[in-house]
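Asks: Below is the file structure-v2.pdb, with PDB, C-alpha atoms and all ligand atoms.
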```pdb
ATOM      1  CA  MET A   1     130.808 205.510  -2.448
ATOM      2  CA  LYS A   2     132.688 208.767  -1.993
ATOM      3  CA  LYS A   3     130.377 209.761   0.834
ATOM      4  CA  ILE A   4     130.850 206.473   2.678
ATOM      5  CA  ILE A   5     134.618 206.870   2.599
ATOM      6  CA  ALA A   6     134.223 210.345   4.089
ATOM      7  CA  VAL A   7     132.008 208.938   6.833
ATOM      8  CA  GLY A   8     134.591 206.275   7.606
ATOM      9  CA  ILE A   9     137.360 208.840   7.955
ATOM     10  CA  ILE A  10     135.299 211.059  10.225
ATOM     11  CA  ALA A  11     134.302 208.045  12.315
ATOM     12  CA  LEU A  12     137.908 206.983  12.692
ATOM     13  CA  SER A  13     139.144 210.423  13.607
ATOM     14  CA  SER A  14     136.313 210.958  16.087
ATOM     15  CA  THR A  15     137.102 207.635  17.723
ATOM     16  CA  TYR A  16     140.689 208.752  17.964
ATOM     17  CA  CYS A  17     139.586 212.008  19.617
ATOM     18  CA  MET A  18     137.110 210.259  21.874
ATOM     19  CA  ALA A  19     138.767 211.418  25.055
ATOM     20  CA  GLN A  20     137.909 215.005  24.120
ATOM     21  CA  VAL A  21     134.328 214.254  23.120
ATOM     22  CA  ASN A  22     131.799 214.425  25.881
ATOM     23  CA  TRP A  23     128.354 213.093  25.086
ATOM     24  CA  HIS A  24     127.313 212.920  28.716
ATOM     25  CA  THR A  25     126.278 216.537  28.965
ATOM     26  CA  ASN A  26     122.807 216.027  27.531
ATOM     27  CA  PRO A  27     120.068 214.941  29.910
ATOM     28  CA  VAL A  28     119.176 211.483  28.673
ATOM     29  CA  GLY A  29     115.756 211.307  27.079
ATOM     30  CA  ALA A  30     114.819 214.529  28.782
ATOM     31  CA  VAL A  31     114.272 216.610  25.665
ATOM     32  CA  PHE A  32     110.516 216.258  25.800
ATOM     33  CA  ALA A  33     108.093 214.353  27.965
ATOM     34  CA  ARG A  34     105.523 212.005  26.493
ATOM     35  CA  GLU A  35     102.724 213.783  28.325
ATOM     36  CA  GLY A  36     101.459 217.123  27.147
ATOM     37  CA  ARG A  37     102.726 217.081  23.589
ATOM     38  CA  GLU A  38     100.479 217.993  20.741
ATOM     39  CA  THR A  39     100.401 214.616  18.956
ATOM     40  CA  PRO A  40      98.171 211.637  19.846
ATOM     41  CA  SER A  41      99.153 209.362  22.706
ATOM     42  CA  GLY A  42     102.203 207.206  22.036
ATOM     43  CA  THR A  43     103.512 209.453  19.278
ATOM     44  CA  PHE A  44     105.796 212.444  19.116
ATOM     45  CA  ARG A  45     106.622 214.851  16.312
ATOM     46  CA  PHE A  46     109.547 217.167  15.814
ATOM     47  CA  ALA A  47     111.304 218.992  12.990
ATOM     48  CA  ASN A  48     114.988 218.518  12.296
ATOM     49  CA  GLY A  49     117.192 219.489   9.369
ATOM     50  CA  GLY A  50     114.200 220.197   7.125
ATOM     51  CA  TYR A  51     112.443 216.919   7.926
ATOM     52  CA  ASP A  52     109.284 216.171   9.884
ATOM     53  CA  VAL A  53     110.089 213.275  12.172
ATOM     54  CA  TYR A  54     107.630 211.123  14.091
ATOM     55  CA  THR A  55     108.440 208.848  16.996
ATOM     56  CA  ILE A  56     105.942 206.013  17.348
ATOM     57  CA  ALA A  57     105.821 203.897  20.490
ATOM     58  CA  THR A  58     104.907 200.454  19.230
ATOM     59  CA  ALA A  59     104.224 199.434  22.835
ATOM     60  CA  ASP A  60     103.859 201.335  26.104
ATOM     61  CA  LYS A  61     106.763 200.080  28.117
ATOM     62  CA  ASP A  62     108.530 202.409  30.505
ATOM     63  CA  PHE A  63     110.958 200.279  32.504
ATOM     64  CA  GLN A  64     113.100 197.169  32.197
ATOM     65  CA  PRO A  65     114.923 195.251  34.941
ATOM     66  CA  ALA A  66     118.437 196.490  35.705
ATOM     67  CA  SER A  67     119.516 192.854  35.802
ATOM     68  CA  LEU A  68     119.418 192.865  31.983
ATOM     69  CA  PHE A  69     122.684 194.815  32.176
ATOM     70  CA  TYR A  70     124.548 192.781  34.799
ATOM     71  CA  GLY A  71     126.835 191.161  32.268
ATOM     72  CA  GLU A  72     129.408 188.545  33.056
ATOM     73  CA  ASN A  73     131.228 189.821  36.108
ATOM     74  CA  GLU A  74     130.486 191.221  39.556
ATOM     75  CA  ALA A  75     132.076 194.565  38.714
ATOM     76  CA  ASP A  76     129.506 195.236  35.987
ATOM     77  CA  LYS A  77     126.680 194.254  38.329
ATOM     78  CA  ALA A  78     127.972 196.654  40.998
ATOM     79  CA  LYS A  79     128.193 199.512  38.488
ATOM     80  CA  VAL A  80     124.663 198.906  37.259
ATOM     81  CA  ASP A  81     123.245 198.641  40.790
ATOM     82  CA  ALA A  82     124.891 201.944  41.690
ATOM     83  CA  MET A  83     123.345 203.669  38.661
ATOM     84  CA  ALA A  84     119.939 202.022  39.024
ATOM     85  CA  PRO A  85     119.429 201.554  42.772
ATOM     86  CA  ASP A  86     115.714 200.817  42.387
ATOM     87  CA  GLY A  87     116.498 197.906  40.057
ATOM     88  CA  LYS A  88     114.812 199.538  37.057
ATOM     89  CA  VAL A  89     116.133 201.223  33.921
ATOM     90  CA  PRO A  90     113.882 203.427  31.744
ATOM     91  CA  THR A  91     113.078 202.075  28.301
ATOM     92  CA  ALA A  92     110.680 202.417  25.371
ATOM     93  CA  LEU A  93     109.925 200.518  22.201
ATOM     94  CA  ASN A  94     109.979 203.053  19.414
ATOM     95  CA  CYS A  95     110.154 203.138  15.665
ATOM     96  CA  PHE A  96     110.529 206.308  13.596
ATOM     97  CA  VAL A  97     108.884 207.815  10.531
ATOM     98  CA  VAL A  98     110.238 210.677   8.418
ATOM     99  CA  LYS A  99     108.340 212.627   5.800
ATOM    100  CA  ALA A 100     110.681 212.449   2.806
ATOM    101  CA  PRO A 101     110.035 214.219  -0.521
ATOM    102  CA  GLU A 102     108.620 211.085  -2.179
ATOM    103  CA  GLY A 103     106.695 209.605   0.716
ATOM    104  CA  TYR A 104     107.009 208.542   4.317
ATOM    105  CA  ILE A 105     109.983 206.404   5.237
ATOM    106  CA  MET A 106     110.339 204.280   8.361
ATOM    107  CA  PHE A 107     113.200 203.102  10.515
ATOM    108  CA  ASP A 108     112.211 199.742  12.022
ATOM    109  CA  THR A 109     108.579 198.762  12.406
ATOM    110  CA  GLY A 110     108.027 197.664  15.992
ATOM    111  CA  LEU A 111     105.868 194.704  16.903
ATOM    112  CA  PRO A 112     103.054 193.358  14.720
ATOM    113  CA  SER A 113      99.448 194.130  15.683
ATOM    114  CA  ALA A 114      98.910 190.397  16.270
ATOM    115  CA  LYS A 115     101.411 190.605  19.142
ATOM    116  CA  GLY A 116      99.952 193.788  20.609
ATOM    117  CA  GLY A 117     102.021 196.185  18.503
ATOM    118  CA  LYS A 118     100.487 199.639  18.134
ATOM    119  CA  THR A 119     102.492 200.873  15.145
ATOM    120  CA  ILE A 120      99.634 200.804  12.615
ATOM    121  CA  GLU A 121      97.078 202.191  15.059
ATOM    122  CA  ARG A 122      99.379 205.069  15.981
ATOM    123  CA  LEU A 123     100.309 205.796  12.375
ATOM    124  CA  ALA A 124      96.543 206.090  11.742
ATOM    125  CA  ALA A 125      96.228 208.537  14.629
ATOM    126  CA  LEU A 126      98.814 210.668  12.796
ATOM    127  CA  ASN A 127      96.854 210.323   9.537
ATOM    128  CA  ILE A 128      99.601 208.221   7.975
ATOM    129  CA  SER A 129      98.241 205.160   6.191
ATOM    130  CA  PRO A 130     100.403 202.026   5.785
ATOM    131  CA  GLU A 131     100.125 202.578   2.000
ATOM    132  CA  ALA A 132     101.883 205.947   2.380
ATOM    133  CA  ILE A 133     105.080 204.271   3.614
ATOM    134  CA  THR A 134     107.434 203.962   0.630
ATOM    135  CA  ALA A 135     110.572 202.600   2.297
ATOM    136  CA  VAL A 136     111.512 200.839   5.522
ATOM    137  CA  TYR A 137     115.112 200.698   6.735
ATOM    138  CA  LEU A 138     115.786 197.918   9.239
ATOM    139  CA  THR A 139     118.528 198.422  11.822
ATOM    140  CA  HIS A 140     118.520 194.704  12.654
ATOM    141  CA  GLY A 141     116.355 191.627  12.629
ATOM    142  CA  HIS A 142     115.070 191.262  16.184
ATOM    143  CA  PHE A 143     111.346 190.679  16.247
ATOM    144  CA  ASP A 144     110.467 193.944  18.030
ATOM    145  CA  HIS A 145     111.982 195.758  15.030
ATOM    146  CA  ILE A 146     110.834 193.681  12.056
ATOM    147  CA  GLY A 147     107.624 192.040  13.312
ATOM    148  CA  GLY A 148     105.534 195.029  12.256
ATOM    149  CA  LEU A 149     106.344 194.295   8.601
ATOM    150  CA  LEU A 150     103.483 191.772   8.652
ATOM    151  CA  ASP A 151      99.766 192.315   9.142
ATOM    152  CA  ASN A 152      97.441 190.028  11.108
ATOM    153  CA  GLU A 153      97.137 187.633   8.161
ATOM    154  CA  GLY A 154     100.886 187.392   7.703
ATOM    155  CA  ASN A 155     100.830 189.586   4.586
ATOM    156  CA  ALA A 156     102.890 192.711   3.892
ATOM    157  CA  ALA A 157     101.721 195.504   6.207
ATOM    158  CA  PHE A 158     103.313 198.158   3.962
ATOM    159  CA  ILE A 159     102.279 197.225   0.443
ATOM    160  CA  ASN A 160     103.977 200.155  -1.274
ATOM    161  CA  ALA A 161     107.243 199.966   0.628
ATOM    162  CA  THR A 162     110.643 198.632  -0.321
ATOM    163  CA  ILE A 163     112.319 197.107   2.703
ATOM    164  CA  TYR A 164     116.072 197.576   3.147
ATOM    165  CA  ILE A 165     118.084 195.206   5.322
ATOM    166  CA  PRO A 166     121.879 194.755   5.572
ATOM    167  CA  GLU A 167     122.794 191.510   3.803
ATOM    168  CA  THR A 168     124.798 190.304   6.824
ATOM    169  CA  GLU A 169     121.711 190.736   8.967
ATOM    170  CA  LEU A 170     119.459 188.935   6.516
ATOM    171  CA  ALA A 171     121.881 185.994   6.489
ATOM    172  CA  PHE A 172     121.839 186.052  10.307
ATOM    173  CA  ILE A 173     118.060 185.996  10.709
ATOM    174  CA  ARG A 174     117.645 183.350   8.004
ATOM    175  CA  LYS A 175     119.534 181.116  10.421
ATOM    176  CA  THR A 176     118.225 182.332  13.777
ATOM    177  CA  MET A 177     114.589 183.321  13.040
ATOM    178  CA  GLN A 178     113.724 181.049  10.157
ATOM    179  CA  GLU A 179     109.949 181.114  10.359
ATOM    180  CA  ALA A 180     109.525 184.887  10.706
ATOM    181  CA  THR A 181     112.164 185.517   8.037
ATOM    182  CA  ASN A 182     110.472 183.133   5.600
ATOM    183  CA  GLN A 183     107.159 184.883   6.147
ATOM    184  CA  ILE A 184     108.678 188.314   5.572
ATOM    185  CA  GLU A 185     110.573 187.175   2.490
ATOM    186  CA  SER A 186     107.484 185.656   0.921
ATOM    187  CA  ALA A 187     105.322 188.680   1.820
ATOM    188  CA  TYR A 188     107.713 191.215   0.247
ATOM    189  CA  LYS A 189     109.482 189.089  -2.396
ATOM    190  CA  ASN A 190     111.767 191.315  -4.471
ATOM    191  CA  LYS A 191     110.755 194.369  -2.469
ATOM    192  CA  LEU A 192     112.945 193.077   0.350
ATOM    193  CA  VAL A 193     116.358 194.410  -0.621
ATOM    194  CA  ALA A 194     119.533 193.184   1.059
ATOM    195  CA  PHE A 195     122.287 195.776   0.686
ATOM    196  CA  GLN A 196     126.022 195.598   1.123
ATOM    197  CA  SER A 197     127.983 197.859   3.380
ATOM    198  CA  GLY A 198     129.200 200.957   1.541
ATOM    199  CA  GLU A 199     126.045 201.411  -0.551
ATOM    200  CA  ILE A 200     124.122 204.682  -0.395
ATOM    201  CA  LEU A 201     120.412 203.868  -0.293
ATOM    202  CA  PRO A 202     117.413 205.644  -1.842
ATOM    203  CA  ASN A 203     116.229 208.811  -0.048
ATOM    204  CA  ASN A 204     119.924 209.700   0.552
ATOM    205  CA  ILE A 205     120.190 207.276   3.429
ATOM    206  CA  ILE A 206     123.732 206.438   4.495
ATOM    207  CA  PRO A 207     123.979 203.089   6.303
ATOM    208  CA  ILE A 208     126.718 202.949   8.928
ATOM    209  CA  GLU A 209     127.934 199.547  10.092
ATOM    210  CA  ALA A 210     127.135 199.179  13.811
ATOM    211  CA  LYS A 211     127.645 195.492  14.596
ATOM    212  CA  GLY A 212     127.742 194.077  18.100
ATOM    213  CA  HIS A 213     124.090 194.008  19.113
ATOM    214  CA  THR A 214     123.682 191.641  16.156
ATOM    215  CA  PRO A 215     126.189 190.769  13.393
ATOM    216  CA  GLY A 216     124.562 193.070  10.830
ATOM    217  CA  HIS A 217     123.238 195.800  13.121
ATOM    218  CA  THR A 218     123.303 199.081  11.178
ATOM    219  CA  ALA A 219     122.695 202.762  11.902
ATOM    220  CA  TYR A 220     121.225 205.057   9.254
ATOM    221  CA  GLN A 221     122.071 208.684   8.668
ATOM    222  CA  LEU A 222     119.675 211.043   6.938
ATOM    223  CA  GLY A 223     121.077 214.571   6.881
ATOM    224  CA  SER A 224     121.573 215.521  10.508
ATOM    225  CA  LEU A 225     119.471 212.631  11.815
ATOM    226  CA  LEU A 226     121.088 209.398  12.963
ATOM    227  CA  PHE A 227     118.888 206.361  13.670
ATOM    228  CA  VAL A 228     120.893 203.958  15.798
ATOM    229  CA  GLY A 229     118.462 201.100  16.512
ATOM    230  CA  ASP A 230     119.669 199.132  19.526
ATOM    231  CA  LEU A 231     123.076 200.766  19.894
ATOM    232  CA  MET A 232     121.910 201.098  23.503
ATOM    233  CA  HIS A 233     119.156 199.324  25.353
ATOM    234  CA  GLY A 234     119.254 201.425  28.504
ATOM    235  CA  THR A 235     120.443 204.925  27.659
ATOM    236  CA  ALA A 236     120.154 206.116  31.259
ATOM    237  CA  ILE A 237     123.061 203.899  32.273
ATOM    238  CA  GLN A 238     124.878 203.232  28.990
ATOM    239  CA  MET A 239     125.342 206.923  28.208
ATOM    240  CA  LEU A 240     127.145 207.206  31.529
ATOM    241  CA  ASP A 241     129.154 204.051  30.899
ATOM    242  CA  PRO A 242     129.144 202.782  27.288
ATOM    243  CA  THR A 243     131.084 199.675  28.363
ATOM    244  CA  ILE A 244     127.921 198.292  29.964
ATOM    245  CA  CYS A 245     126.068 195.924  27.650
ATOM    246  CA  ALA A 246     122.546 194.629  27.629
ATOM    247  CA  ASN A 247     122.339 190.827  27.675
ATOM    248  CA  TYR A 248     120.858 191.141  24.166
ATOM    249  CA  ASP A 249     124.193 192.281  22.696
ATOM    250  CA  SER A 250     125.445 189.230  20.814
ATOM    251  CA  ASN A 251     129.098 190.339  20.817
ATOM    252  CA  ARG A 252     129.990 192.535  23.789
ATOM    253  CA  VAL A 253     133.435 193.581  22.573
ATOM    254  CA  GLN A 254     132.043 194.709  19.233
ATOM    255  CA  ALA A 255     129.030 196.360  20.875
ATOM    256  CA  ILE A 256     131.206 198.497  23.151
ATOM    257  CA  ALA A 257     133.549 199.561  20.336
ATOM    258  CA  THR A 258     130.556 200.386  18.134
ATOM    259  CA  ARG A 259     128.863 202.430  20.858
ATOM    260  CA  ASN A 260     131.970 204.526  21.354
ATOM    261  CA  ARG A 261     132.514 204.992  17.613
ATOM    262  CA  ILE A 262     128.925 205.900  16.709
ATOM    263  CA  LEU A 263     128.335 208.216  19.669
ATOM    264  CA  SER A 264     131.627 210.005  19.002
ATOM    265  CA  TYR A 265     130.758 210.341  15.327
ATOM    266  CA  ALA A 266     127.344 211.781  16.221
ATOM    267  CA  VAL A 267     128.793 214.318  18.638
ATOM    268  CA  ALA A 268     131.600 215.332  16.267
ATOM    269  CA  ASN A 269     129.061 215.942  13.495
ATOM    270  CA  SER A 270     126.292 217.508  15.634
ATOM    271  CA  LEU A 271     123.799 214.822  14.689
ATOM    272  CA  THR A 272     120.468 214.203  16.394
ATOM    273  CA  VAL A 273     120.500 210.611  17.620
ATOM    274  CA  LEU A 274     117.343 208.493  17.770
ATOM    275  CA  CYS A 275     117.387 205.158  19.545
ATOM    276  CA  ALA A 276     114.632 202.527  19.521
ATOM    277  CA  HIS A 277     114.715 201.929  23.265
ATOM    278  CA  ALA A 278     115.510 205.440  24.499
ATOM    279  CA  PRO A 279     112.738 206.510  26.840
ATOM    280  CA  LEU A 280     109.873 208.829  25.947
ATOM    281  CA  ASN A 281     110.489 210.086  22.416
ATOM    282  CA  GLY A 282     113.588 208.107  21.489
ATOM    283  CA  ILE A 283     115.833 211.158  21.161
ATOM    284  CA  ILE A 284     119.143 210.669  22.945
ATOM    285  CA  PHE A 285     120.601 214.053  22.063
TER     286      PHE A 285
HETATM  287 ZN    ZN B   1     115.261 196.126  20.219
END
```
Will you turn the file into structure tokens for me?
Replies:
Amino acid sequence: MKKIIAVGIIALSSTYCMAQVNWHTNPVGAVFAREGRETPSGTFRFANGGYDVYTIATADKDFQPASLFYGENEADKAKVDAMAPDGKVPTALNCFVVKAPEGYIMFDTGLPSAKGGKTIERLAALNISPEAITAVYLTHGHFDHIGGLLDNEGNAAFINATIYIPETELAFIRKTMQEATNQIESAYKNKLVAFQSGEILPNNIIPIEAKGHTPGHTAYQLGSLLFVGDLMHGTAIQMLDPTICANYDSNRVQAIATRNRILSYAVANSLTVLCAHAPLNGIIF
């Protein structure tokens, strides 16, 4: 509890100082290229703060239409067109795995194999079996993040894992994605844990409320790593102008405020930020 209060204070003060914080100086997604790295295709590995971190592309998708960011007024459309004159914005569909002391932990799961998801196949290429995953932390309940929880038969894909989801988000997907949520709840039973904001989770994970994309969207901090889910859907343009929203953001006002707060917090605390749809390896900075 103490830690969460500290996080809140830092977040508030960094929002206050936002004008001085510049997160635009890092080349977006340019830290490493997907080609030429040492890990198997569709995966990336790096070390940070004492942890081995793996980026796993659950699908090979490199671009999305710029029109996804046009928003509700002509001014937004003009800004997006100026930043993406070819009508395309780079993207990816990543989830992340960290080697923690007691096992591998995951942040989101990507798509299920039955829908063409490559998460399990790419974990295997890294010699990580689904049984080795001990915890999964879900940033939100969209299908490209939670679908990989199920195998082709609709059973739990990660039989030894406890799945953590913000309780607000679970309530949201029970209403909006009934069938998939039912399947996941019956596959994991009491190993699907809905947590309240303010709780510190096993493996020293600090959840940070990040609503806007969805009502319960949550970022997770592990040491100097910050997993931000869908805080941005097109980093190449949203890092330049965080007021631009993807059409997928359910509450634009909240999404913009959250983007500013979380990015400022990350910069102020020198965190490494990993985003599900950031191109190549998912590292924003
Ligand atoms: Zn997503």
Asks: Would you kindly translate the PyMOL selection byres (((not hetatm)) within 12 of (chain B and resi 1)) into the concrete residues it picks from this file, as a PyMOL selection string?
Replies: chain A and resi 58-59+91-95+108-111+138-147+213-214+217+228-234+246-249+275-278
Asks: With all atoms listed in the file as the basis for distance, which of A:Ile262, A:Tyr220, A:Thr119, A:Ala124 is at the shortest distance from Ile165 of chain A?
Replies: A:Tyr220
Asks: For Glu209 of chain A, find every residue with an atom within 7 Å (counting only C-alpha atoms), except residues of its own chain fewer than 5 positions away, and show them as a list in words.
Replies: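 Skipping anything fewer than 5 positions along the chain leaves Ser197, His217, Thr218 and Ala219 of chain A.
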Asks: Next, write the just-selected residues to a file, as a short mmCIF file (atom, residue, chain, number, x, y, z; two decimals), keeping the file's coordinate frame, keeping C-alpha atoms as the atom set.
Replies:
```cif
data_model
loop_
_atom_site.label_atom_id
_atom_site.label_comp_id
_atom_site.auth_asym_id
_atom_site.auth_seq_id
_atom_site.Cartn_x
_atom_site.Cartn_y
_atom_site.Cartn_z
CA SER A 197 127.98 197.86 3.38
CA HIS A 217 123.24 195.80 13.12
CA THR A 218 123.30 199.08 11.18
CA ALA A 219 122.70 202.76 11.90
#
```
Asks: List as a list in words the protein and nucleic acid residues near Thr134 of chain A, meaning an atom at most 9 Å away when all atoms listed in the file are counted, but skip any in the same chain fewer than 5 places from it.
Replies: Glu102, Gly103, Tyr104, Ile105, Met106, Phe158, Ile159, Asn160, Ala161, Thr162 and Ile163 of chain A
Asks: For segment 85-88 of chain A, work out the shell of residues within 9 Å, counting only C-alpha atoms and skipping chain neighbours fewer than 6 positions away, then give it as a list in words.
Replies: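 Contacts, in chain order: Phe63, Gln64, Pro65, Ala66 and Ser67 of chain A.
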Asks: Residues as selected, C-alpha atoms, written as a short mmCIF file (atom, residue, chain, number, x, y, z; two decimals), keeping the file's coordinate frame, can you do that?
Replies:
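Written out: part_21.cif:
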```cif
data_model
loop_
_atom_site.label_atom_id
_atom_site.label_comp_id
_atom_site.auth_asym_id
_atom_site.auth_seq_id
_atom_site.Cartn_x
_atom_site.Cartn_y
_atom_site.Cartn_z
CA PHE A 63 110.96 200.28 32.50
CA GLN A 64 113.10 197.17 32.20
CA PRO A 65 114.92 195.25 34.94
CA ALA A 66 118.44 196.49 35.70
CA SER A 67 119.52 192.85 35.80
#
```
Asks: Which residue gives the smallest distance to Gly117 of chain A among A:Thr243, A:Thr168, A:Asn152, A:Ser264, with all atoms listed in the file counted?
Replies: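 Among the listed residues, A:Asn152 lies closest to Gly117 of chain A.
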Asks: Exactly which residues make up the result of the PyMOL selection byres (((chain A and resi 40) around 8) and not hetatm) on this file, given as a PyMOL selection string?
Replies: chain A and resi 38-39+41-44+122+125-126
Asks: Since we have the selection now, will you write its residues out, keeping C-alpha atoms, as a tab-separated table (two decimals), in the frame of the given file?
Replies:
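Below is the file that was written, result_3.tsv:
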```tsv
chain	number	residue	atom	x	y	z
A	38	GLU	CA	100.48	217.99	20.74
A	39	THR	CA	100.40	214.62	18.96
A	41	SER	CA	99.15	209.36	22.71
A	42	GLY	CA	102.20	207.21	22.04
A	43	THR	CA	103.51	209.45	19.28
A	44	PHE	CA	105.80	212.44	19.12
A	122	ARG	CA	99.38	205.07	15.98
A	125	ALA	CA	96.23	208.54	14.63
A	126	LEU	CA	98.81	210.67	12.80
```
Asks: Put a box with edges along x, y and z around all the listed atoms of segment 212-228 of chain A, pad it by 5 Å on each side, then give me its centre and sizes in Å, one decimal, as JSON.
Replies:
```
{"center_x": 123.3, "center_y": 203.1, "center_z": 13.0, "size_x": 18.9, "size_y": 34.8, "size_z": 22.2}
```
Asks: Figure out the distance between atom CA of Asn203 of chain A and atom CA of Ala100 of chain A, please, to one decimal in Å.
Replies: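 So the two atoms, atom CA of Ala100 of chain A and atom CA of Asn203 of chain A, lie 7.2 Å apart.
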